[in-house]
Every structure is written in structure tokens, then in C-alpha cells.
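**Q** Mind looking over this structure? Questions follow.
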Amino acid sequence: MNDEIVLSFDTGIKNALTSDWQIASNLAMSIITETENRNDPFYALDALRVLKRMQETSGLAKAQILYYLSKNWTKFGIEDDLIHVAIQYGFKSPVIIKRYIDVWSMFAEDKIPTDIQDKLKEKPINDLVPIMGMLKRGYAVTNEQWNEIIARDGIMKIAQYIREEVKKEQPRTHAILFRVDKKESMLYVINDGKKYKVAKLNLDSNEEIIQTAINRLLHAVGVPDAI
């Protein structure tokens with residue numbers, strides 16, 4: 001087993017014009033070529049493991065980069081603002097970009113106890129969004145509550161715990177809850193444990209106005225924040 005995996009990414013203009021599949025294929029071929037050069041199949045297997053871990057944590061890495069850019073944007077001498085430039089680079093809306101920045105600010109600005117930060121960083125970024133919302137609204141969290149939050153997996157369970165145990169809101173047993181399945185781009189409603197299709201959302205659109213409208217709609221109906 002190797003202790004060194006090198007994954008290189010081309011950020012030049014040629015890569016910007018390349019399809020997503022071709023970028024992925026180029027990366028795969030570079031791994032295959034290195035495996036051949038080393039005559040070591042474990043290099044490829046280790047690379048697959050690294051790619052899986054990157055997929056699970058890439059959202060938080062985006063947040064870290066966007067937070068850095070937001071704090072240092074003026075020093076680069078670019079007249080256009082970061083939000084507008086980031087949208088040109090594929091982010092869907094200003095709401096999403098700001099949400100990424102707010103998520104990483106929890107760690108960068110020590111809004112979370114340092115002894116549990118590493119555990120929270122292992123979670124998917126969507127799981128961290130209700131925590132970010134809780135802290136932005138100024139709720140105080142005890143050590144016991146932090147441990148309970150860490151122990152829960154998934155945005156739904158974390159959001160429910162925060163709502164009921166930190167915010168002290170009553171459980172909504174018969175409430176109508178809206179949820180989005182991003183893979184299907186489908187808006188669902190949940191009532192009494194049953195799930196119903198409501199509407200198909202144009203989540204893949206690159207039009208800023210469409211993404212802004214979708215985010216406003218989801219906020220209006222109380223869909224848990226997601227990235």
C-alpha cells in the first residue's frame with residue numbers, strides 16, 4: 001500500500017471548455033497511467049479510496065475556499081464582486097454562496113468548541129447547515145447538546161434535535177413538511193410519515209433568477225437549508 005497519492009487538476013482555459021465527464025476521465029487515466037508505471041494495483045485502489053473521501057468532504061472544502069476568497073477578495077484587485085464572479089464559475093445563486101461562507105465561518109471564527117470541530121468536519125456539509133443557522137440566530141449550546149448533535153447523522157435528525165432540544169420548539173407530529181430530493185429535483189411534502197410528490201424543480205438551471213426564485217420558494221415553505 002502506498003502512502004503517497006497525487007491527484008492533479010488542470011485549471012487552465014482548456015479545462016474550462018472540457019466536459020465534466022472528460023475531466024473525470026482524464027483524472028482516471030492519470031491514475032491508470034501511474035498504476036502502470038508503478039506496476040502497483042494498490043495505487044489505483046488507494047486513489048479510489050481518496051476520491052470517495054474527497055466526494056464526501058468536497059462541500060466543506062468549497063466552503064473553506066469561498067470563505068478564504070471572501071476575506072481576501074479586495075487584495076486581488078478585481079473590480080467585480082466575489083458573488084458575481086462565483087456565479088460565473090458555476091455556483092447557482094448568491095444564497096448558496098453565502099451559505100457556504102457562513103458554514104466555514106463556524107470553524108474559522110471558533111464559533112464551535114475546538115475539541116469537537118474535527119468531528120463535525122467529517123460530516124457532509126448539508127448536515128452542518130442547521131448548525132450554522134442555529135449559531136447565526138444566537139442560540140447557546142451546552143456541551144451535552146454538542147455531543148448529541150455530533151452523534152446524529154443526516155440533516156433531518158440534526159435539524160429535529162436542534163429544533164426540539166436547543167430551540168425548545170414543540171414537535172410537529174401532524175405538520176406538513178416540505179423536503180427536496182436533489183437527485184430527482186423533486187419537491188416532496190411529508191405528512192404523518194407519508195411522502196407525496198409536489199413539484200419538479202429546475203435545479204440544474206444556470207439562470208441566476210431561477211435559482212434565486214427556487215431558494216426563495218424553499219425558504220418560504222420551510223424546507224431545511226441545503227447546499
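Letters A, B, ... mark the chains of the C-alpha cells in the order given; residue numbers begin at 1 per chain; ligand numbers begin at 1, in order shown.
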DSSP on the backbone: which residues in region 24-187 of chain A end up as alpha helix (DSSP H)? Give the answer as a PyMOL selection string.

**A** chain A and resi 24-38+41-72+82-88+94-108+114-121+125-136+143-151+155-161

**Q** Excluding Tyr100 (chain A) and residues on its chain fewer than 5 positions from it, collect all residues at most 9 Å away from it, counting only C-alpha atoms, and give them as a ChimeraX atom specification.

**A** /A:59-60,62-64,66-67,95,105,125,129,227

**Q** Selected residues, C-alpha atoms, written as a PDB file, in the first residue's frame, please.

**A**
ATOM      1  CA  GLY A  59     -18.634  20.536   0.013  1.00  0.00           C
ATOM      2  CA  LEU A  60     -16.775  21.675   3.100  1.00  0.00           C
ATOM      3  CA  LYS A  62     -15.631  24.506  -1.261  1.00  0.00           C
ATOM      4  CA  ALA A  63     -16.821  26.360   1.819  1.00  0.00           C
ATOM      5  CA  GLN A  64     -13.255  26.767   3.056  1.00  0.00           C
ATOM      6  CA  LEU A  66     -15.033  30.541  -0.631  1.00  0.00           C
ATOM      7  CA  TYR A  67     -14.523  31.805   2.924  1.00  0.00           C
ATOM      8  CA  VAL A  95     -27.835  32.463  -1.352  1.00  0.00           C
ATOM      9  CA  SER A 105     -17.037  30.739   9.314  1.00  0.00           C
ATOM     10  CA  ILE A 125     -21.846  19.902   4.551  1.00  0.00           C
ATOM     11  CA  VAL A 129     -26.316  23.897   7.667  1.00  0.00           C
ATOM     12  CA  ILE A 227     -26.316  23.189  -0.304  1.00  0.00           C
TER      13      ILE A 227
END

**Q** With distances taken over only C-alpha atoms, which of A:Asn143, A:Pro124, A:Pro113, A:Gln22 is nearest to Gln55 (chain A)?

**A** A:Pro124

**Q** From a backbone DSSP assignment, name each residue in region 22-211 of chain A labelled strand (DSSP E or B), as number ranges by chain.

**A** A: 177-181, 186-191, 194-200
